[in-house]
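*Asks:* So that you have it, the file is model_5.cif, and it contains mmCIF, C-alpha atoms:
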data_input
#
loop_
_atom_site.label_atom_id
_atom_site.label_comp_id
_atom_site.auth_asym_id
_atom_site.auth_seq_id
_atom_site.Cartn_x
_atom_site.Cartn_y
_atom_site.Cartn_z
CA MET A 1 13.05 -42.72 -23.83
CA SER A 2 16.46 -41.08 -24.07
CA ASN A 3 15.06 -38.15 -26.05
CA ASN A 4 12.44 -37.53 -23.35
CA ILE A 5 15.11 -37.59 -20.62
CA ILE A 6 17.30 -35.12 -22.50
CA ARG A 7 14.34 -32.84 -23.17
CA SER A 8 13.33 -32.96 -19.50
CA SER A 9 16.90 -32.20 -18.41
CA ASN A 10 17.08 -29.25 -20.77
CA ASN A 11 13.79 -27.88 -19.41
CA PHE A 12 15.07 -28.16 -15.84
CA ASN A 13 18.32 -26.42 -16.70
CA ALA A 14 16.39 -23.65 -18.42
CA PHE A 15 14.14 -23.31 -15.34
CA LYS A 16 17.16 -23.20 -13.01
CA SER A 17 18.86 -20.62 -15.20
CA HIS A 18 15.79 -18.39 -15.24
CA VAL A 19 15.30 -18.65 -11.46
CA MET A 20 18.93 -17.72 -10.84
CA LYS A 21 18.62 -14.76 -13.18
CA TYR A 22 15.17 -13.44 -12.27
CA GLY A 23 14.60 -14.98 -8.83
CA LEU A 24 11.32 -15.70 -7.06
CA SER A 25 9.09 -13.11 -5.42
CA LEU A 26 8.12 -13.48 -1.74
CA SER A 27 4.72 -12.46 -0.40
CA ASN A 28 5.90 -10.92 2.88
CA PHE A 29 7.96 -8.05 1.47
CA TYR A 30 5.69 -5.10 0.69
CA ASP A 31 4.63 -1.63 1.71
CA VAL A 32 1.21 0.02 1.99
CA GLN A 33 1.04 3.81 1.92
CA PHE A 34 -1.93 6.11 2.43
CA GLN A 35 -1.10 9.18 0.36
CA LEU A 36 -3.02 12.42 0.46
CA ASN A 37 -3.93 14.28 -2.69
CA ALA A 38 -2.05 17.44 -3.55
CA ASN A 39 -5.05 19.64 -2.63
CA ALA A 40 -5.67 17.94 0.72
CA SER A 41 -3.68 20.38 2.84
CA GLY A 42 -5.64 21.40 5.91
CA ASN A 43 -8.63 19.13 5.39
CA PHE A 44 -9.89 16.34 7.63
CA LEU A 45 -7.79 13.49 6.21
CA ASN A 46 -4.66 15.62 6.27
CA ASN A 47 -5.19 16.31 9.98
CA LEU A 48 -6.16 12.72 10.72
CA LEU A 49 -3.29 10.96 8.94
CA ASN A 50 -0.74 13.45 10.27
CA THR A 51 -1.89 13.11 13.87
CA VAL A 52 1.22 12.56 15.99
CA ILE A 53 1.07 9.19 17.76
CA HIS A 54 4.44 9.41 19.46
CA SER A 55 7.37 11.79 19.67
CA ASP A 56 10.40 12.01 21.92
CA GLN A 57 11.06 14.95 24.22
CA ASN A 58 13.00 16.89 21.61
CA ALA A 59 10.53 16.01 18.84
CA THR A 60 13.41 14.70 16.73
CA SER A 61 11.63 11.38 16.25
CA VAL A 62 7.95 11.73 15.35
CA VAL A 63 5.55 8.92 14.42
CA THR A 64 2.36 10.03 12.67
CA MET A 65 -0.77 7.99 12.05
CA GLN A 66 0.21 7.72 8.38
CA GLU A 67 3.51 6.01 9.30
CA PHE A 68 1.82 4.04 12.07
CA MET A 69 -0.54 2.37 9.62
CA ARG A 70 2.35 1.35 7.36
CA ILE A 71 4.02 -0.42 10.26
CA TYR A 72 0.91 -2.29 11.44
CA ALA A 73 -0.38 -3.28 7.98
CA ASP A 74 -0.37 -7.07 8.28
CA GLU A 75 -1.93 -8.37 5.08
CA CYS A 76 -3.33 -7.10 1.80
CA SER A 77 -3.63 -8.04 -1.86
CA ILE A 78 -2.70 -6.15 -4.98
CA PRO A 79 -6.21 -5.95 -6.44
CA GLY A 80 -7.06 -7.61 -9.71
CA PHE A 81 -9.67 -6.75 -12.30
CA SER A 82 -12.20 -8.32 -14.62
CA ILE A 83 -13.17 -7.27 -18.13
CA SER A 84 -16.88 -6.65 -18.66
CA THR A 85 -18.13 -8.42 -21.77
CA GLY A 86 -21.26 -8.63 -23.85
CA ASP A 87 -22.56 -11.25 -26.30
CA TYR A 88 -23.02 -10.91 -30.03
CA ARG A 89 -23.75 -13.37 -32.78
CA ILE A 90 -23.46 -13.20 -36.54
CA THR A 91 -25.87 -15.33 -38.56
CA ASN A 92 -25.06 -19.03 -38.24
CA SER A 93 -22.01 -18.35 -36.02
CA PRO A 94 -21.47 -19.33 -32.39
CA ASN A 95 -21.97 -16.75 -29.64
CA MET A 96 -18.95 -14.48 -29.25
CA LYS A 97 -17.84 -11.94 -26.66
CA TYR A 98 -16.76 -8.32 -26.89
CA ALA A 99 -15.25 -6.10 -24.20
CA TYR A 100 -16.89 -2.85 -23.12
CA GLY A 101 -15.40 -2.02 -19.73
CA ILE A 102 -13.28 -3.01 -16.76
CA VAL A 103 -14.30 -3.73 -13.15
CA ASN A 104 -11.70 -3.27 -10.41
CA ASN A 105 -11.81 -5.56 -7.39
CA GLU A 106 -12.28 -4.19 -3.90
CA PHE A 107 -9.12 -3.59 -1.88
CA THR A 108 -8.91 -5.08 1.61
CA VAL A 109 -6.08 -4.48 4.05
CA SER A 110 -5.70 -6.06 7.49
CA PHE A 111 -4.02 -4.23 10.38
CA ILE A 112 -2.71 -5.69 13.63
CA LEU A 113 -4.54 -3.77 16.32
CA ASP A 114 -2.24 -1.91 18.68
CA ALA A 115 -2.87 -1.82 22.43
CA ASP A 116 -4.15 1.77 22.21
CA SER A 117 -6.60 0.89 19.40
CA GLN A 118 -5.24 3.75 17.31
CA THR A 119 -6.02 2.03 14.01
CA ARG A 120 -9.65 1.38 14.92
CA ARG A 121 -9.99 4.93 16.24
CA LEU A 122 -8.79 6.22 12.87
CA PHE A 123 -11.41 4.27 10.92
CA ASP A 124 -14.12 5.26 13.42
CA ALA A 125 -13.26 8.91 12.79
CA TRP A 126 -13.00 8.40 9.03
CA GLY A 127 -16.40 6.69 8.86
CA ASN A 128 -18.04 9.31 11.09
CA PHE A 129 -16.66 12.02 8.84
CA ILE A 130 -18.09 10.37 5.70
CA TYR A 131 -21.54 10.10 7.30
CA SER A 132 -21.81 12.20 10.44
CA GLY A 133 -23.53 10.46 13.32
CA VAL A 134 -21.71 12.12 16.25
CA SER A 135 -20.75 15.73 16.93
CA TYR A 136 -18.99 17.40 19.83
CA LYS A 137 -20.87 20.07 21.79
CA GLU A 138 -17.91 21.96 23.25
CA SER A 139 -16.03 24.59 21.30
CA THR A 140 -12.64 22.89 21.61
CA LEU A 141 -11.46 19.31 21.28
CA VAL A 142 -8.47 17.59 22.86
CA ASN A 143 -7.82 15.86 19.55
CA SER A 144 -9.51 17.90 16.85
CA ALA A 145 -8.39 15.48 14.13
CA LEU A 146 -10.76 12.76 15.36
CA ASN A 147 -13.97 14.76 15.15
CA GLN A 148 -14.65 17.77 12.96
CA ASN A 149 -18.44 17.53 12.78
CA THR A 150 -20.92 20.16 13.92
CA ASN A 151 -24.62 19.76 14.59
CA ILE A 152 -25.37 20.99 11.07
CA GLN A 153 -23.50 17.99 9.61
CA LEU A 154 -25.32 15.37 11.71
CA GLY A 155 -27.08 12.85 9.48
CA ARG A 156 -25.45 14.19 6.35
CA THR A 157 -22.96 12.66 3.92
CA ARG A 158 -19.90 14.65 2.94
CA TYR A 159 -18.88 15.44 -0.61
CA ARG A 160 -16.77 12.66 -2.01
CA ASP A 161 -13.70 14.82 -2.62
CA GLU A 162 -13.50 15.53 1.11
CA TYR A 163 -12.97 11.94 2.33
CA VAL A 164 -10.88 10.17 -0.33
CA CYS A 165 -7.14 9.59 -0.59
CA ASP A 166 -4.78 7.54 -2.74
CA ILE A 167 -3.46 4.19 -1.54
CA ILE A 168 -0.17 2.85 -2.93
CA VAL A 169 0.73 -0.83 -2.60
CA ILE A 170 4.39 -1.55 -3.36
CA LYS A 171 5.87 -4.99 -3.95
CA LEU A 172 9.47 -4.95 -2.72
CA GLU A 173 12.31 -7.34 -3.52
CA ARG A 174 15.67 -8.06 -1.92
CA TYR A 175 18.67 -6.72 -3.77
CA ALA A 176 20.03 -10.30 -4.04
CA SER A 177 16.75 -11.94 -4.99
CA SER A 178 18.08 -12.48 -8.51
CA ASN A 179 21.19 -11.89 -10.58
CA LYS A 180 19.28 -9.06 -12.21
CA ASN A 181 19.11 -7.19 -8.89
CA LEU A 182 22.48 -8.30 -7.51
CA LEU A 183 25.13 -5.59 -7.53
CA PRO A 184 28.48 -5.30 -5.74
CA PRO A 185 28.54 -2.87 -2.80
CA PRO A 186 29.98 0.57 -3.67
CA THR A 187 33.61 1.32 -2.93
CA ASP A 188 33.05 5.07 -2.67
CA GLU A 189 30.18 7.54 -2.51
CA SER A 190 30.56 8.85 -6.05
CA ASP A 191 28.29 6.19 -7.57
CA ASP A 192 24.78 7.50 -6.88
CA ILE A 193 23.05 4.34 -8.14
CA LEU A 194 25.01 1.95 -5.94
CA THR A 195 25.06 4.15 -2.85
CA SER A 196 21.27 4.43 -2.96
CA ARG A 197 20.96 0.63 -3.02
CA PHE A 198 23.10 -0.27 0.03
CA PHE A 199 23.14 0.50 3.75
CA LYS A 200 26.14 2.22 5.29
CA GLN A 201 28.09 0.49 8.03
CA ARG A 202 26.73 2.86 10.68
CA ASP A 203 23.17 2.03 9.55
CA ILE A 204 23.78 -1.61 10.46
CA ILE A 205 25.81 -1.08 13.65
CA PRO A 206 24.45 1.85 15.71
CA GLY A 207 27.19 4.20 16.87
CA SER A 208 29.74 2.70 14.52
CA ASN A 209 32.23 5.07 12.92
CA LYS A 210 33.41 2.48 10.42
CA PRO A 211 33.38 4.06 6.95
CA GLY A 212 32.03 2.53 3.80
CA TYR A 213 29.01 0.46 2.90
CA SER A 214 27.86 -2.93 4.08
CA ARG A 215 26.79 -5.81 1.86
CA PHE A 216 23.20 -5.38 3.01
CA GLY A 217 21.14 -4.03 0.16
CA LYS A 218 18.06 -1.83 0.59
CA PRO A 219 14.63 -3.07 -0.51
CA ILE A 220 14.00 -2.53 -4.21
CA PRO A 221 10.50 -1.46 -5.33
CA LYS A 222 9.75 -3.55 -8.42
CA TYR A 223 5.99 -3.21 -8.85
CA SER A 224 3.31 -0.97 -7.43
CA VAL A 225 -0.27 0.06 -7.93
CA ARG A 226 -1.93 3.35 -7.03
CA LEU A 227 -5.58 3.15 -6.02
CA LYS A 228 -6.97 6.53 -6.98
CA ASN A 229 -9.48 8.27 -4.67
CA ALA A 230 -10.06 5.41 -2.23
CA PHE A 231 -12.30 5.42 0.84
CA PRO A 232 -13.35 2.73 3.36
CA THR A 233 -16.70 1.02 2.80
CA LEU A 234 -16.43 -1.81 5.34
CA VAL A 235 -14.59 -2.05 8.67
CA SER A 236 -14.58 -5.47 10.29
CA ALA A 237 -15.87 -6.29 13.76
CA ILE A 238 -13.34 -6.95 16.52
CA PRO A 239 -13.77 -10.52 17.83
CA LEU A 240 -13.30 -11.05 21.56
CA SER A 241 -13.40 -14.34 23.48
CA SER A 242 -12.31 -15.92 26.76
CA GLY A 243 -10.29 -18.60 24.94
CA SER A 244 -6.62 -18.55 24.02
CA SER A 245 -4.93 -15.19 23.49
CA GLN A 246 -4.19 -14.15 19.93
CA LEU A 247 -3.52 -10.97 18.02
CA ILE A 248 -6.55 -8.86 17.15
CA LYS A 249 -6.77 -7.64 13.58
CA VAL A 250 -8.87 -4.92 11.99
CA GLN A 251 -9.80 -5.30 8.33
CA ALA A 252 -10.83 -2.38 6.15
CA THR A 253 -12.28 -2.72 2.65
CA PHE A 254 -11.89 0.16 0.21
CA GLU A 255 -13.57 1.23 -2.99
CA TYR A 256 -11.65 3.39 -5.45
CA GLU A 257 -12.01 4.96 -8.86
CA MET A 258 -9.08 3.54 -10.77
CA ALA A 259 -6.12 1.22 -10.23
CA ILE A 260 -2.97 2.55 -11.91
CA PRO A 261 -0.19 -0.08 -11.97
CA SER A 262 3.44 0.87 -12.44
CA THR A 263 3.52 -1.19 -15.64
CA GLN A 264 1.47 1.58 -17.28
CA THR A 265 3.41 4.54 -15.94
CA GLY A 266 6.95 3.21 -16.38
CA GLY A 267 7.94 3.78 -12.75
CA SER A 268 7.73 1.85 -9.53
CA VAL A 269 5.78 4.45 -7.55
CA GLU A 270 3.81 6.90 -9.66
CA GLU A 271 4.20 10.61 -9.08
CA GLN A 272 1.21 12.87 -8.65
CA ASP A 273 -0.24 14.59 -11.73
CA LYS A 274 2.03 12.73 -14.15
CA TRP A 275 -0.67 10.70 -15.90
CA ASP A 276 -4.22 10.99 -17.19
CA TRP A 277 -7.11 8.82 -16.11
CA ILE A 278 -10.86 8.53 -16.66
CA THR A 279 -12.74 11.22 -14.75
CA GLY A 280 -16.34 10.53 -15.77
#
Using the file provided, produce a representation of the structure as structure tokens.
*Replies:*
Amino acid sequence: MSNNIIRSSNNFNAFKSHVMKYGLSLSNFYDVQFQLNANASGNFLNNLLNTVIHSDQNATSVVTMQEFMRIYADECSIPGFSISTGDYRITNSPNMKYAYGIVNNEFTVSFILDADSQTRRLFDAWGNFIYSGVSYKESTLVNSALNQNTNIQLGRTRYRDEYVCDIIVIKLERYASSNKNLLPPPTDESDDILTSRFFKQRDIIPGSNKPGYSRFGKPIPKYSVRLKNAFPTLVSAIPLSSGSSQLIKVQATFEYEMAIPSTQTGGSVEEQDKWDWITG
């Protein structure tokens, strides 16, 4: 009995020590980014995602659709995968498995719908660009980013390279989530590592002239996955009812070619054209 108690106590102490050192990850600290490919300049998605949603009079503060979607992204999952297997059997042996491929799960992200329905308008335009069902008869458009189809494109599907982009999902952690992340605030600006991890005093208190850094640490990207060449395949319906009021959400499901996690690239957010991947 006493040996079991001691063993249990040791296991608990080891668990507590590991939690204090490595911490626990929380599900509500993340970032979703829609990133254009390097050769996407001037194409439909470039115009669509860079559509200006809001700007002040001096245009010093500009919110684009790309940033807008990051703010309203309410829920998503870092997609998993399954290994495709086949059966084989040697004489008088049990059936065994061998691996021959990998299948990536679909990626679904849920957005809180804004009062101007900007998010749904984006996916309407994206879907209509993939398979053109509507075109505009006049020569000019008020918002040319939302419709770039002509009568020639009606009823036709675009080439795949024209409507895909990369999606990056980043799992963030607090700087004090574990002893591994915990660092003292910098005393001067000469330490580039520390200064990049903490907010300045004026960042916390607007208009403050107090020098130095606060003890509030910036979010630390610890894990990410890049979904290469993704495009929406399913956009959810918008439910409406006369019952109690609640937030409306829009879900979009994406297919993609390859999921590249940061564990394979050695960085938190992978840079473009720094790695090879299957192209066939």
*Asks:* To one decimal place, how far is CA of Thr51 in chain A from CA of Thr119 in chain A in Å?
*Replies:*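 CA of Thr119 in chain A lies at a distance of 11.8 Å from CA of Thr51 in chain A.
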*Asks:* Could you list, as a list in words, every residue within 9 Å of range 67-80 of chain A, counting only C-alpha atoms and ignoring same-chain residues fewer than 6 positions away?
*Replies:* Asn28, Asp31, Val32, Gln33, Phe34, Leu49, Asn50, Ile53, Val103, Asn104, Asn105, Glu106, Phe107, Thr108, Val109, Ser110, Phe111, Ile112, Leu113, Asp114, Gln118, Thr119, Val169, Ile170, Lys171, Ser224, Val225, Lys249 and Ala259 of chain A
*Asks:* What is the CA of Ser214 in chain A to CA of Pro185 in chain A distance in Å?
*Replies:*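 One can read the CA of Ser214 in chain A to CA of Pro185 in chain A distance as 6.9 Å.
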*Asks:* Is it possible to get the residues within 8 Å of (15.2, -15.2, -6.7) (coordinates as in the file, counting all atoms listed in the file) written as number ranges by chain?
*Replies:* A: 19-25, 176-179
*Asks:* Provide the CA of Val250 in chain A to CA of Asp124 in chain A distance in Å, to one decimal place.
*Replies:* 11.5 Å
*Asks:* Of the residues A:Phe254, A:Tyr163, A:Tyr100, A:Phe12, which is the one nearest to Asn128 in chain A, using all atoms listed in the file?
*Replies:*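 Counting all atoms listed in the file, the residue closest to Asn128 in chain A is A:Tyr163.
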*Asks:* Please work out which residues fall within 10 Å of (-14.3, -9.8, 18.2), coordinates as given in the file, with only C-alpha atoms counting, and return them as number ranges by chain.
*Replies:* A: 236-241, 248-250
*Asks:* Assuming the chain letters and numbering stay as they are in my file, what does the PyMOL selection byres ((chain A and resi 235) around 7) actually select? List them as a list in words.
*Replies:*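 The output of the PyMOL selection byres ((chain A and resi 235) around 7) on this file is Thr233, Leu234, Ser236, Ala237, Gln251, Ala252 and Thr253 of chain A.
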*Asks:* Rank nothing, just name the residue among A:Val62, A:Leu26, A:Ile260, A:Ile130 nearest to Val164 in chain A, using all atoms listed in the file.
*Replies:*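 Result for the nearest residue to Val164 in chain A: A:Ile130.
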*Asks:* What's the 8 Å shell around Ile220 in chain A, counting all atoms listed in the file, without same-chain residues fewer than 3 positions away, as a PyMOL selection string?
*Replies:* chain A and resi 172-175+197
*Asks:* Could you name the residues that touch Ile152 in chain A at 10 Å or less, counting only C-alpha atoms, but leaving out those on the same chain fewer than 3 positions away, as a PyMOL selection string?
*Replies:* chain A and resi 132+135+149+155-156
*Asks:* For the PyMOL selection byres ((chain A and resi 258) around 9), applied here, can you spell out every residue it catches as number ranges by chain?
*Replies:* A: 104, 226-230, 256-257, 259-260, 277-278
*Asks:* In terms of the shortest atom-to-atom distance over only C-alpha atoms, which of A:Ser245, A:Ser27, A:Asn43, A:Ser117 is closest to Met65 in chain A?
*Replies:*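 Among the listed residues, the smallest separation from Met65 in chain A belongs to A:Ser117.
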*Asks:* Let me make sure I understand: among A:Ala99, A:Ile90, A:Ala115, A:Leu183, which one has the smallest atom-to-atom distance to Leu247 in chain A if we use all atoms listed in the file?
*Replies:*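 Looking only at the distances to Leu247 in chain A, the closest residue turns out to be A:Ala115.
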*Asks:* Pull range 43-158 of chain A out of the block and emit C-alpha atoms, as an mmCIF file, in the first residue's frame.
*Replies:*
data_model
loop_
_atom_site.group_PDB
_atom_site.id
_atom_site.type_symbol
_atom_site.label_atom_id
_atom_site.label_comp_id
_atom_site.auth_asym_id
_atom_site.auth_seq_id
_atom_site.Cartn_x
_atom_site.Cartn_y
_atom_site.Cartn_z
ATOM 1 C CA ASN A 43 -5.670 38.416 -60.339
ATOM 2 C CA PHE A 44 -9.186 37.950 -58.983
ATOM 3 C CA LEU A 45 -8.274 36.727 -55.487
ATOM 4 C CA ASN A 46 -5.698 39.467 -55.079
ATOM 5 C CA ASN A 47 -8.341 42.090 -55.850
ATOM 6 C CA LEU A 48 -10.971 40.359 -53.730
ATOM 7 C CA LEU A 49 -8.915 39.817 -50.573
ATOM 8 C CA ASN A 50 -7.402 43.297 -50.784
ATOM 9 C CA THR A 51 -10.768 45.016 -51.174
ATOM 10 C CA VAL A 52 -10.846 47.894 -48.683
ATOM 11 C CA ILE A 53 -13.674 47.419 -46.171
ATOM 12 C CA HIS A 54 -12.985 50.517 -44.109
ATOM 13 C CA SER A 55 -10.508 53.373 -44.015
ATOM 14 C CA ASP A 56 -10.398 56.661 -42.152
ATOM 15 C CA GLN A 57 -10.408 60.029 -43.900
ATOM 16 C CA ASN A 58 -6.634 60.182 -44.176
ATOM 17 C CA ALA A 59 -6.360 56.511 -45.193
ATOM 18 C CA THR A 60 -3.865 55.967 -42.377
ATOM 19 C CA SER A 61 -5.936 53.080 -41.020
ATOM 20 C CA VAL A 62 -7.115 50.654 -43.696
ATOM 21 C CA VAL A 63 -8.970 47.369 -43.150
ATOM 22 C CA THR A 64 -8.950 44.984 -46.105
ATOM 23 C CA MET A 65 -11.090 41.897 -46.603
ATOM 24 C CA GLN A 66 -8.038 39.741 -45.850
ATOM 25 C CA GLU A 67 -7.665 41.330 -42.389
ATOM 26 C CA PHE A 68 -11.435 41.399 -41.913
ATOM 27 C CA MET A 69 -11.676 37.625 -42.242
ATOM 28 C CA ARG A 70 -8.937 37.118 -39.655
ATOM 29 C CA ILE A 71 -10.895 39.175 -37.141
ATOM 30 C CA TYR A 72 -14.237 37.431 -37.718
ATOM 31 C CA ALA A 73 -12.877 33.856 -37.881
ATOM 32 C CA ASP A 74 -14.749 32.250 -34.989
ATOM 33 C CA GLU A 75 -13.860 28.567 -35.098
ATOM 34 C CA CYS A 76 -11.699 26.152 -37.057
ATOM 35 C CA SER A 77 -9.644 22.998 -36.632
ATOM 36 C CA ILE A 78 -6.069 22.242 -37.545
ATOM 37 C CA PRO A 79 -6.826 19.444 -40.014
ATOM 38 C CA GLY A 80 -5.655 15.919 -39.380
ATOM 39 C CA PHE A 81 -4.824 13.136 -41.796
ATOM 40 C CA SER A 82 -5.211 9.409 -42.303
ATOM 41 C CA ILE A 83 -2.750 6.964 -43.820
ATOM 42 C CA SER A 84 -4.103 4.905 -46.712
ATOM 43 C CA THR A 85 -3.312 1.227 -46.262
ATOM 44 C CA GLY A 86 -3.601 -1.997 -48.192
ATOM 45 C CA ASP A 87 -3.684 -5.651 -47.102
ATOM 46 C CA TYR A 88 -1.111 -8.326 -47.750
ATOM 47 C CA ARG A 89 -0.596 -11.811 -46.421
ATOM 48 C CA ILE A 90 2.343 -14.184 -46.467
ATOM 49 C CA THR A 91 1.558 -17.899 -46.466
ATOM 50 C CA ASN A 92 0.145 -19.020 -43.108
ATOM 51 C CA SER A 93 0.495 -15.523 -41.593
ATOM 52 C CA PRO A 94 -2.251 -13.181 -40.406
ATOM 53 C CA ASN A 95 -3.374 -10.301 -42.624
ATOM 54 C CA MET A 96 -1.030 -7.324 -42.375
ATOM 55 C CA LYS A 97 -1.176 -3.708 -43.519
ATOM 56 C CA TYR A 98 1.150 -1.551 -45.574
ATOM 57 C CA ALA A 99 1.003 2.191 -46.219
ATOM 58 C CA TYR A 100 0.759 3.630 -49.724
ATOM 59 C CA GLY A 101 -0.509 7.178 -49.295
ATOM 60 C CA ILE A 102 -1.932 9.907 -47.097
ATOM 61 C CA VAL A 103 -5.391 11.516 -47.122
ATOM 62 C CA ASN A 104 -5.764 15.033 -45.711
ATOM 63 C CA ASN A 105 -8.993 15.970 -43.963
ATOM 64 C CA GLU A 106 -11.157 18.800 -45.229
ATOM 65 C CA PHE A 107 -10.642 22.180 -43.574
ATOM 66 C CA THR A 108 -13.693 24.003 -42.219
ATOM 67 C CA VAL A 109 -13.656 27.505 -40.772
ATOM 68 C CA SER A 110 -16.616 29.335 -39.235
ATOM 69 C CA PHE A 111 -16.989 33.113 -39.469
ATOM 70 C CA ILE A 112 -19.252 35.372 -37.423
ATOM 71 C CA LEU A 113 -21.338 37.188 -40.006
ATOM 72 C CA ASP A 114 -20.981 40.955 -39.862
ATOM 73 C CA ALA A 115 -23.979 43.260 -40.253
ATOM 74 C CA ASP A 116 -22.937 44.148 -43.816
ATOM 75 C CA SER A 117 -22.629 40.463 -44.809
ATOM 76 C CA GLN A 118 -19.138 41.113 -46.145
ATOM 77 C CA THR A 119 -17.939 37.581 -45.430
ATOM 78 C CA ARG A 120 -20.837 35.950 -47.271
ATOM 79 C CA ARG A 121 -20.417 38.388 -50.156
ATOM 80 C CA LEU A 122 -16.782 37.316 -50.447
ATOM 81 C CA PHE A 123 -17.652 33.623 -50.713
ATOM 82 C CA ASP A 124 -20.478 34.384 -53.165
ATOM 83 C CA ALA A 125 -17.957 36.158 -55.392
ATOM 84 C CA TRP A 126 -15.339 33.445 -54.936
ATOM 85 C CA GLY A 127 -17.801 30.689 -55.848
ATOM 86 C CA ASN A 128 -19.152 32.613 -58.846
ATOM 87 C CA PHE A 129 -15.598 33.090 -60.069
ATOM 88 C CA ILE A 130 -14.833 29.357 -59.824
ATOM 89 C CA TYR A 131 -17.963 28.482 -61.812
ATOM 90 C CA SER A 132 -19.442 31.532 -63.507
ATOM 91 C CA GLY A 133 -23.210 31.777 -63.225
ATOM 92 C CA VAL A 134 -23.607 35.582 -63.236
ATOM 93 C CA SER A 135 -22.004 38.305 -65.339
ATOM 94 C CA TYR A 136 -22.405 42.056 -65.387
ATOM 95 C CA LYS A 137 -23.657 43.702 -68.591
ATOM 96 C CA GLU A 138 -22.287 47.206 -68.062
ATOM 97 C CA SER A 139 -18.723 48.125 -68.896
ATOM 98 C CA THR A 140 -17.854 49.336 -65.388
ATOM 99 C CA LEU A 141 -18.546 48.027 -61.915
ATOM 100 C CA VAL A 142 -18.819 49.893 -58.626
ATOM 101 C CA ASN A 143 -16.843 47.107 -56.977
ATOM 102 C CA SER A 144 -14.924 45.305 -59.692
ATOM 103 C CA ALA A 145 -13.422 42.858 -57.185
ATOM 104 C CA LEU A 146 -16.775 41.136 -56.632
ATOM 105 C CA ASN A 147 -17.485 40.233 -60.246
ATOM 106 C CA GLN A 148 -14.958 39.793 -63.028
ATOM 107 C CA ASN A 149 -16.979 37.523 -65.312
ATOM 108 C CA THR A 150 -17.984 38.250 -68.889
ATOM 109 C CA ASN A 151 -20.643 36.540 -70.970
ATOM 110 C CA ILE A 152 -17.978 34.294 -72.483
ATOM 111 C CA GLN A 153 -17.235 32.834 -69.029
ATOM 112 C CA LEU A 154 -20.871 32.052 -68.165
ATOM 113 C CA GLY A 155 -21.320 28.354 -67.450
ATOM 114 C CA ARG A 156 -17.598 27.697 -67.487
ATOM 115 C CA THR A 157 -15.182 26.611 -64.768
ATOM 116 C CA ARG A 158 -11.947 28.524 -64.314
#
